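Below: one structure, written as structure tokens.
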Amino acid sequence: MTTLLEKATAFTALHTPAAPLPLANAWDVASARIVEAAGAPAVATTSAGVAWSLGAPDGDALARDRALDLVARVAAAVSVPVTADIEGGFAADAAGVGETVAGVLAAGAVGVNIEDGTRAPAEHAERLAAARAAADAAGVPLYINARVDTYLFGLGESAARLDETLARASAYLAAGATGVFVPGVTDPAVIAELARAIDAPLNVLVGPGAPSVAELGALGVARVSLGSGVAEAAYAVARRAAEELLAGGTYGSLAGALPYSELNALLKG
């Protein structure tokens with residue numbers, strides 16, 4: 001795959017409950033190369049991991065140009081399609097989101113995650129429409145993954161949360177989204193209902209205790225993401241190693257590390 005069009009088409013085709021797309025989200029070139037070398041058919045970035053690695057907190061605090069520079073580095077380092085988590089769009093308004101998406105495509109990515117957070121659904125739909133318009137103008141069928149944060153942030157009354165999620169999903173798809181991402185849900189019954197009622201590929205966020213990829217596929221899920229979990233686990237190793245070294249003067253936390261030669265070889269390719 002050498003063109004954005006080819007990569008975008010291939011990336012979209014990977015979304016199927018028959019074999020859900022598993023994404024171990026990366027945050028820099030090294031982690032992206034590791035994920036690709038493990039056999040991943042695509043690489044996704046985690047906005048939190050990217051922000052942390054660049055010295056910023058997650059949550060629309062990272063400057064757009066720094067985020068796009070990282071996306072470009074990752075896209076240039078791997079041969080598989082790349083999808084970028086761009087938080088709320090790194091912009092104050094819908095027009096700005098369109099500019100961000102143009103930058104994402106110029107950086108070489110063929111997918112984006114755009115989250116609604118606590119933003120009004122109508123405003124988020126405008127942002128998604130601007131993202132689609134920017135992709136159309138570039139002639140690339142960008143995969144726009146519309147993140148619905150009702151469950152993640154516990155928005156609204158719990159009894160009405162499913163209906164609210166579905167209403168948002170419908171509005172976002174009408175605005176130009178390709179798929180829907182609902183993090184914060186691990187209940188199989190709720191996941192199955194989301195998959196049944198949303199007329200687009202469903203993405204869920206997973207971690208320890210969540211159903212397996214195969215089980216999620218059987219429920220109708222088309223994409224499974226680890227989100228910031230891999231970066232969090234990596235930083236946990238850094239903390240354990242530092243605490244062990246400083247408190248006890250030992251180094252057991254480094255056991256099982258990726259060999260220097262193997263990691264270095266990945267960055268030579």
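To be explicit about the labels: the chains of the structure tokens are called A, B, and onward in the order shown, and within each one the residues are counted from 1, while ligands get numbers from 1 in the order they are shown.
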Which residues of stretch 68-162 of chain A come within 10 Å of stretch 182-197 of chain A, and for each one, what is the closest pair of atoms and their distance in Å to one decimal, counting only C-alpha atoms, sorted by chain and residue number, as a tab-separated table?
```
residue	atom	partner	partner_atom	distance
A:Glu115	CA	A:Val182	CA	9.7
A:Asn145	CA	A:Val182	CA	9.8
A:Ala146	CA	A:Val182	CA	8.5
A:Arg147	CA	A:Val182	CA	5.9
A:Val148	CA	A:Val182	CA	5.2
A:Asp149	CA	A:Val182	CA	6.5
A:Thr150	CA	A:Val182	CA	7.9
A:Tyr151	CA	A:Gly184	CA	5.2
A:Leu152	CA	A:Gly184	CA	4.2
A:Phe153	CA	A:Gly184	CA	7.9
A:Gly154	CA	A:Gly184	CA	8.7
A:Leu162	CA	A:Val190	CA	7.8
```
Keeping only C-alpha atoms, write the selected residues to a file as a PDB file, in the first residue's frame.
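selection.pdb written:
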```
ATOM      1  CA  GLU A 115     -14.343  12.676  20.968  1.00  0.00           C
ATOM      2  CA  ASN A 145     -14.352   7.231  14.490  1.00  0.00           C
ATOM      3  CA  ALA A 146     -16.832   9.302  16.488  1.00  0.00           C
ATOM      4  CA  ARG A 147     -16.249   8.804  20.198  1.00  0.00           C
ATOM      5  CA  VAL A 148     -19.319   8.995  22.414  1.00  0.00           C
ATOM      6  CA  ASP A 149     -18.356   9.680  26.033  1.00  0.00           C
ATOM      7  CA  THR A 150     -21.690   9.139  27.753  1.00  0.00           C
ATOM      8  CA  TYR A 151     -20.543   5.963  29.522  1.00  0.00           C
ATOM      9  CA  LEU A 152     -16.908   6.980  30.001  1.00  0.00           C
ATOM     10  CA  PHE A 153     -17.853  10.195  31.807  1.00  0.00           C
ATOM     11  CA  GLY A 154     -21.147   8.981  33.266  1.00  0.00           C
ATOM     12  CA  LEU A 162     -28.142   3.851  26.334  1.00  0.00           C
TER      13      LEU A 162
END
```
Once you count only C-alpha atoms, what closest atom pair and distance in Å to one decimal does each residue of stretch 132-246 of chain A within 12 Å of stretch 31-54 of chain A have, with rows by chain and rising residue number, as CSV?
```
residue,atom,partner,partner_atom,distance
A:Tyr143,CA,A:Ala44,CA,11.9
A:Asn145,CA,A:Ala44,CA,11.6
A:Leu205,CA,A:Thr46,CA,11.6
A:Arg223,CA,A:Ala42,CA,11.3
A:Val224,CA,A:Ala44,CA,11.0
A:Ser225,CA,A:Ala44,CA,8.6
A:Leu226,CA,A:Thr46,CA,8.8
A:Gly227,CA,A:Thr46,CA,5.6
A:Ser228,CA,A:Thr46,CA,5.6
A:Gly229,CA,A:Gly49,CA,8.7
A:Val230,CA,A:Gly49,CA,8.5
A:Ala231,CA,A:Gly49,CA,5.6
A:Glu232,CA,A:Gly49,CA,7.7
A:Ala233,CA,A:Gly49,CA,10.7
A:Ala234,CA,A:Gly49,CA,10.0
A:Tyr235,CA,A:Gly49,CA,9.7
```
Can you check which residues of stretch 135-211 of chain A DSSP gives as helix (DSSP H, G or I) on the backbone and send them as an NGL selection string? :A and (135-138 or 158-175 or 188-197)
Convert the current residue selection to file output with N, CA and C atoms, as a short mmCIF file (atom, residue, chain, number, x, y, z; two decimals), in the first residue's frame.
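Contents of part.cif, freshly written:
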```
data_model
loop_
_atom_site.label_atom_id
_atom_site.label_comp_id
_atom_site.auth_asym_id
_atom_site.auth_seq_id
_atom_site.Cartn_x
_atom_site.Cartn_y
_atom_site.Cartn_z
N ALA A 135 -11.81 15.79 4.45
CA ALA A 135 -11.37 14.54 3.84
C ALA A 135 -11.87 14.43 2.41
N ASP A 136 -13.11 14.81 2.19
CA ASP A 136 -13.66 14.78 0.84
C ASP A 136 -12.88 15.70 -0.09
N ALA A 137 -12.51 16.86 0.43
CA ALA A 137 -11.76 17.82 -0.38
C ALA A 137 -10.40 17.26 -0.77
N ALA A 138 -9.85 16.39 0.10
CA ALA A 138 -8.56 15.77 -0.19
C ALA A 138 -8.70 14.51 -1.04
N SER A 158 -28.30 7.30 34.44
CA SER A 158 -27.87 5.98 33.98
C SER A 158 -28.96 5.26 33.21
N ALA A 159 -30.22 5.45 33.61
CA ALA A 159 -31.33 4.76 32.95
C ALA A 159 -31.52 5.24 31.52
N ALA A 160 -31.09 6.45 31.24
CA ALA A 160 -31.29 7.01 29.90
C ALA A 160 -30.02 6.99 29.07
N ARG A 161 -28.94 6.43 29.63
CA ARG A 161 -27.63 6.53 28.97
C ARG A 161 -27.57 5.78 27.65
N LEU A 162 -28.17 4.61 27.58
CA LEU A 162 -28.14 3.85 26.33
C LEU A 162 -28.85 4.61 25.22
N ASP A 163 -30.05 5.12 25.52
CA ASP A 163 -30.80 5.86 24.51
C ASP A 163 -30.04 7.10 24.07
N GLU A 164 -29.40 7.79 25.02
CA GLU A 164 -28.64 8.99 24.68
C GLU A 164 -27.44 8.65 23.80
N THR A 165 -26.80 7.54 24.12
CA THR A 165 -25.66 7.09 23.32
C THR A 165 -26.08 6.79 21.89
N LEU A 166 -27.18 6.10 21.75
CA LEU A 166 -27.67 5.75 20.42
C LEU A 166 -28.10 6.98 19.63
N ALA A 167 -28.70 7.95 20.33
CA ALA A 167 -29.12 9.18 19.65
C ALA A 167 -27.90 9.94 19.15
N ARG A 168 -26.86 10.00 19.98
CA ARG A 168 -25.63 10.68 19.56
C ARG A 168 -24.98 9.94 18.39
N ALA A 169 -24.93 8.63 18.49
CA ALA A 169 -24.32 7.84 17.42
C ALA A 169 -25.02 8.10 16.10
N SER A 170 -26.34 8.12 16.11
CA SER A 170 -27.11 8.36 14.90
C SER A 170 -26.80 9.75 14.31
N ALA A 171 -26.73 10.75 15.18
CA ALA A 171 -26.45 12.11 14.72
C ALA A 171 -25.04 12.22 14.16
N TYR A 172 -24.11 11.54 14.79
CA TYR A 172 -22.72 11.62 14.35
C TYR A 172 -22.51 10.91 13.01
N LEU A 173 -23.21 9.80 12.83
CA LEU A 173 -23.11 9.10 11.55
C LEU A 173 -23.73 9.93 10.43
N ALA A 174 -24.84 10.59 10.74
CA ALA A 174 -25.48 11.45 9.75
C ALA A 174 -24.58 12.62 9.36
N ALA A 175 -23.72 13.03 10.30
CA ALA A 175 -22.82 14.16 10.05
C ALA A 175 -21.59 13.76 9.25
N PRO A 188 -21.53 -7.13 28.53
CA PRO A 188 -21.86 -7.77 27.25
C PRO A 188 -23.25 -7.42 26.73
N ALA A 189 -24.22 -7.31 27.63
CA ALA A 189 -25.59 -7.02 27.20
C ALA A 189 -25.68 -5.63 26.58
N VAL A 190 -25.02 -4.66 27.20
CA VAL A 190 -25.04 -3.30 26.68
C VAL A 190 -24.27 -3.23 25.35
N ILE A 191 -23.13 -3.89 25.31
CA ILE A 191 -22.33 -3.90 24.08
C ILE A 191 -23.12 -4.51 22.93
N ALA A 192 -23.81 -5.61 23.20
CA ALA A 192 -24.60 -6.27 22.16
C ALA A 192 -25.71 -5.35 21.65
N GLU A 193 -26.33 -4.61 22.55
CA GLU A 193 -27.40 -3.71 22.13
C GLU A 193 -26.84 -2.54 21.33
N LEU A 194 -25.68 -2.04 21.72
CA LEU A 194 -25.05 -0.97 20.95
C LEU A 194 -24.72 -1.45 19.54
N ALA A 195 -24.14 -2.63 19.46
CA ALA A 195 -23.77 -3.18 18.15
C ALA A 195 -25.00 -3.41 17.28
N ARG A 196 -26.08 -3.86 17.89
CA ARG A 196 -27.31 -4.13 17.14
C ARG A 196 -27.94 -2.84 16.63
N ALA A 197 -27.93 -1.80 17.47
CA ALA A 197 -28.68 -0.60 17.14
C ALA A 197 -27.89 0.44 16.35
#
```
Exercise: A:Leu258 partners within 12 Å, only C-alpha atoms, chain neighbours under 3 positions left out, as JSON, numbers by chain: {"A": [30, 31, 34, 234, 254, 255, 261, 262, 263, 264, 265, 266]}
Restricting the output to all heavy atoms, write the selected residues as a PDB file, in the first residue's frame.
```pdb
ATOM      1  N   ALA A  30       8.832   4.225  18.279  1.00  0.00           N
ATOM      2  CA  ALA A  30       9.275   2.917  18.761  1.00  0.00           C
ATOM      3  C   ALA A  30       8.097   2.013  19.090  1.00  0.00           C
ATOM      4  O   ALA A  30       8.063   0.838  18.688  1.00  0.00           O
ATOM      5  CB  ALA A  30      10.180   3.083  19.981  1.00  0.00           C
ATOM      6  N   SER A  31       7.115   2.537  19.817  1.00  0.00           N
ATOM      7  CA  SER A  31       5.953   1.702  20.155  1.00  0.00           C
ATOM      8  C   SER A  31       5.168   1.329  18.906  1.00  0.00           C
ATOM      9  O   SER A  31       4.627   0.223  18.803  1.00  0.00           O
ATOM     10  CB  SER A  31       5.062   2.402  21.182  1.00  0.00           C
ATOM     11  OG  SER A  31       4.601   3.652  20.715  1.00  0.00           O
ATOM     12  N   ILE A  34       6.998  -1.507  17.235  1.00  0.00           N
ATOM     13  CA  ILE A  34       6.804  -2.729  18.013  1.00  0.00           C
ATOM     14  C   ILE A  34       5.441  -3.341  17.699  1.00  0.00           C
ATOM     15  O   ILE A  34       5.313  -4.553  17.484  1.00  0.00           O
ATOM     16  CB  ILE A  34       6.927  -2.439  19.525  1.00  0.00           C
ATOM     17  CG1 ILE A  34       8.389  -2.157  19.891  1.00  0.00           C
ATOM     18  CG2 ILE A  34       6.393  -3.608  20.359  1.00  0.00           C
ATOM     19  CD1 ILE A  34       8.578  -1.607  21.284  1.00  0.00           C
ATOM     20  N   ALA A 234       3.526   0.781  30.446  1.00  0.00           N
ATOM     21  CA  ALA A 234       4.944   1.066  30.241  1.00  0.00           C
ATOM     22  C   ALA A 234       5.467   2.036  31.288  1.00  0.00           C
ATOM     23  O   ALA A 234       6.564   1.858  31.844  1.00  0.00           O
ATOM     24  CB  ALA A 234       5.159   1.639  28.838  1.00  0.00           C
ATOM     25  N   LEU A 254      13.443  -4.791  35.947  1.00  0.00           N
ATOM     26  CA  LEU A 254      13.866  -4.768  34.545  1.00  0.00           C
ATOM     27  C   LEU A 254      13.812  -6.137  33.888  1.00  0.00           C
ATOM     28  O   LEU A 254      14.041  -6.251  32.682  1.00  0.00           O
ATOM     29  CB  LEU A 254      15.296  -4.217  34.443  1.00  0.00           C
ATOM     30  CG  LEU A 254      15.501  -2.791  34.957  1.00  0.00           C
ATOM     31  CD1 LEU A 254      16.947  -2.365  34.781  1.00  0.00           C
ATOM     32  CD2 LEU A 254      14.559  -1.816  34.257  1.00  0.00           C
ATOM     33  N   ALA A 255      13.489  -7.169  34.669  1.00  0.00           N
ATOM     34  CA  ALA A 255      13.404  -8.520  34.100  1.00  0.00           C
ATOM     35  C   ALA A 255      12.324  -8.561  33.023  1.00  0.00           C
ATOM     36  O   ALA A 255      11.249  -7.978  33.165  1.00  0.00           O
ATOM     37  CB  ALA A 255      13.094  -9.535  35.192  1.00  0.00           C
ATOM     38  N   SER A 261      19.201  -5.028  21.444  1.00  0.00           N
ATOM     39  CA  SER A 261      19.479  -5.290  20.030  1.00  0.00           C
ATOM     40  C   SER A 261      18.193  -5.400  19.217  1.00  0.00           C
ATOM     41  O   SER A 261      18.129  -4.937  18.070  1.00  0.00           O
ATOM     42  CB  SER A 261      20.306  -6.574  19.887  1.00  0.00           C
ATOM     43  OG  SER A 261      19.610  -7.682  20.451  1.00  0.00           O
ATOM     44  N   GLU A 262      17.188  -6.005  19.799  1.00  0.00           N
ATOM     45  CA  GLU A 262      15.913  -6.168  19.089  1.00  0.00           C
ATOM     46  C   GLU A 262      15.223  -4.828  18.893  1.00  0.00           C
ATOM     47  O   GLU A 262      14.739  -4.506  17.800  1.00  0.00           O
ATOM     48  CB  GLU A 262      15.006  -7.112  19.870  1.00  0.00           C
ATOM     49  CG  GLU A 262      13.683  -7.409  19.176  1.00  0.00           C
ATOM     50  CD  GLU A 262      12.817  -8.379  19.955  1.00  0.00           C
ATOM     51  OE1 GLU A 262      13.369  -9.114  20.819  1.00  0.00           O
ATOM     52  OE2 GLU A 262      11.602  -8.420  19.710  1.00  0.00           O
ATOM     53  N   LEU A 263      15.183  -4.015  19.949  1.00  0.00           N
ATOM     54  CA  LEU A 263      14.543  -2.713  19.845  1.00  0.00           C
ATOM     55  C   LEU A 263      15.306  -1.806  18.903  1.00  0.00           C
ATOM     56  O   LEU A 263      14.724  -1.100  18.072  1.00  0.00           O
ATOM     57  CB  LEU A 263      14.444  -2.071  21.235  1.00  0.00           C
ATOM     58  CG  LEU A 263      13.738  -0.724  21.322  1.00  0.00           C
ATOM     59  CD1 LEU A 263      12.335  -0.798  20.739  1.00  0.00           C
ATOM     60  CD2 LEU A 263      13.672  -0.257  22.768  1.00  0.00           C
ATOM     61  N   ASN A 264      16.617  -1.846  18.996  1.00  0.00           N
ATOM     62  CA  ASN A 264      17.427  -0.991  18.137  1.00  0.00           C
ATOM     63  C   ASN A 264      17.264  -1.371  16.671  1.00  0.00           C
ATOM     64  O   ASN A 264      17.201  -0.515  15.786  1.00  0.00           O
ATOM     65  CB  ASN A 264      18.906  -1.096  18.545  1.00  0.00           C
ATOM     66  CG  ASN A 264      19.684   0.144  18.179  1.00  0.00           C
ATOM     67  OD1 ASN A 264      19.254   1.251  18.411  1.00  0.00           O
ATOM     68  ND2 ASN A 264      20.862  -0.056  17.568  1.00  0.00           N
ATOM     69  N   ALA A 265      17.148  -2.694  16.415  1.00  0.00           N
ATOM     70  CA  ALA A 265      16.973  -3.158  15.040  1.00  0.00           C
ATOM     71  C   ALA A 265      15.655  -2.675  14.443  1.00  0.00           C
ATOM     72  O   ALA A 265      15.575  -2.388  13.247  1.00  0.00           O
ATOM     73  CB  ALA A 265      17.054  -4.680  14.998  1.00  0.00           C
ATOM     74  N   LEU A 266      14.608  -2.580  15.268  1.00  0.00           N
ATOM     75  CA  LEU A 266      13.324  -2.121  14.785  1.00  0.00           C
ATOM     76  C   LEU A 266      13.402  -0.681  14.278  1.00  0.00           C
ATOM     77  O   LEU A 266      12.685  -0.292  13.359  1.00  0.00           O
ATOM     78  CB  LEU A 266      12.270  -2.191  15.904  1.00  0.00           C
ATOM     79  CG  LEU A 266      11.686  -3.558  16.218  1.00  0.00           C
ATOM     80  CD1 LEU A 266      10.748  -3.456  17.422  1.00  0.00           C
ATOM     81  CD2 LEU A 266      10.924  -4.102  15.016  1.00  0.00           C
TER      82      LEU A 266
END
```
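If only C-alpha atoms are the atoms counted, then among A:Ala109, A:Val104, A:Ile144, A:Leu155 the closest residue to A:Asn203 is A:Ile144.
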Can you tell me which residues surround A:Ala72 at a distance of at most 7 Å, considering only C-alpha atoms, apart from same-chain residues fewer than 3 positions away, and format the answer as a compact mmCIF listing (two decimals) with C-alpha atoms, in the first residue's frame?
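Output file out_25.txt is given in full below:
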```
# COMPACT_ATOMS: atom_id res chain seq x y z
CA LEU A 68 0.57 16.32 13.87
CA ASP A 69 4.36 16.09 13.91
CA ALA A 75 3.01 7.18 9.65
CA ALA A 76 6.44 7.44 8.04
CA ALA A 107 0.87 13.61 7.85
CA GLY A 108 -0.06 10.29 6.26
```
If DSSP is run on the backbone, what residues of stretch 80-214 of chain A are strand (DSSP E or B)? A reply as a ChimeraX atom specification would be ideal. /A:82-85,111-115,143-147,179-181,202-205
8 Å contact set for A:Arg64, only C-alpha atoms, chain neighbours under 5 positions out, as a ChimeraX atom specification: /A:90-91,100
Next, write the just-selected residues to a file, as a PDB file, in the first residue's frame, keeping all heavy atoms as the atom set.
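Saved the output as again.pdb:
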```pdb
ATOM      1  N   PHE A  90      -8.322  19.298  18.287  1.00  0.00           N
ATOM      2  CA  PHE A  90      -7.253  20.296  18.423  1.00  0.00           C
ATOM      3  C   PHE A  90      -7.664  21.629  17.797  1.00  0.00           C
ATOM      4  O   PHE A  90      -6.892  22.251  17.055  1.00  0.00           O
ATOM      5  CB  PHE A  90      -5.949  19.797  17.783  1.00  0.00           C
ATOM      6  CG  PHE A  90      -5.389  18.573  18.452  1.00  0.00           C
ATOM      7  CD1 PHE A  90      -5.149  17.415  17.730  1.00  0.00           C
ATOM      8  CD2 PHE A  90      -5.086  18.568  19.808  1.00  0.00           C
ATOM      9  CE1 PHE A  90      -4.631  16.277  18.336  1.00  0.00           C
ATOM     10  CE2 PHE A  90      -4.566  17.438  20.430  1.00  0.00           C
ATOM     11  CZ  PHE A  90      -4.337  16.300  19.696  1.00  0.00           C
ATOM     12  N   ALA A  91      -8.878  22.065  18.097  1.00  0.00           N
ATOM     13  CA  ALA A  91      -9.374  23.305  17.505  1.00  0.00           C
ATOM     14  C   ALA A  91     -10.526  23.846  18.340  1.00  0.00           C
ATOM     15  O   ALA A  91     -11.224  23.093  19.022  1.00  0.00           O
ATOM     16  CB  ALA A  91      -9.836  23.074  16.071  1.00  0.00           C
ATOM     17  N   THR A 100      -7.381  20.665  11.128  1.00  0.00           N
ATOM     18  CA  THR A 100      -6.636  19.584  11.766  1.00  0.00           C
ATOM     19  C   THR A 100      -6.670  18.325  10.916  1.00  0.00           C
ATOM     20  O   THR A 100      -5.647  17.655  10.725  1.00  0.00           O
ATOM     21  CB  THR A 100      -7.209  19.283  13.161  1.00  0.00           C
ATOM     22  OG1 THR A 100      -7.086  20.446  13.987  1.00  0.00           O
ATOM     23  CG2 THR A 100      -6.464  18.125  13.822  1.00  0.00           C
TER      24      THR A 100
END
```
Skipping near chain neighbours, those fewer than 6 positions away, what residues fall within 10 Å of A:Val213 using only C-alpha atoms, listed as an MDAnalysis selection string? chainID A and resid 17 19:22 206 219 221:225
Would you kindly return, as a PDB file with C-alpha atoms, in the first residue's frame, each protein, DNA or RNA residue with an atom no farther than 10 Å from any atom of A:Val140, considering only C-alpha atoms and excluding same-chain residues fewer than 4 positions away?
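To be explicit, this is the file written out as out-v4.pdb:
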```pdb
ATOM      1  CA  THR A   3      -1.195   5.786  -1.420  1.00  0.00           C
ATOM      2  CA  LEU A   4      -3.506   7.285   1.175  1.00  0.00           C
ATOM      3  CA  LEU A   5      -6.497   6.097  -0.841  1.00  0.00           C
ATOM      4  CA  GLU A   6      -5.270   2.492  -0.774  1.00  0.00           C
ATOM      5  CA  LYS A   7      -4.474   2.637   2.919  1.00  0.00           C
ATOM      6  CA  ALA A   8      -7.790   4.286   3.772  1.00  0.00           C
ATOM      7  CA  THR A   9      -9.729   1.657   1.831  1.00  0.00           C
ATOM      8  CA  LEU A 105      -4.033  13.506   5.985  1.00  0.00           C
ATOM      9  CA  VAL A 110      -6.046   7.570   7.150  1.00  0.00           C
ATOM     10  CA  GLY A 111      -8.225   7.530  10.248  1.00  0.00           C
ATOM     11  CA  ARG A 132     -15.657  14.800   6.553  1.00  0.00           C
ATOM     12  CA  ALA A 134     -11.888  18.197   4.699  1.00  0.00           C
ATOM     13  CA  ALA A 135     -11.367  14.536   3.843  1.00  0.00           C
ATOM     14  CA  ASP A 136     -13.665  14.777   0.835  1.00  0.00           C
TER      15      ASP A 136
END
```
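Note that atom CA of A:Val237 and atom CA of A:Val82 are 26.3 Å apart.
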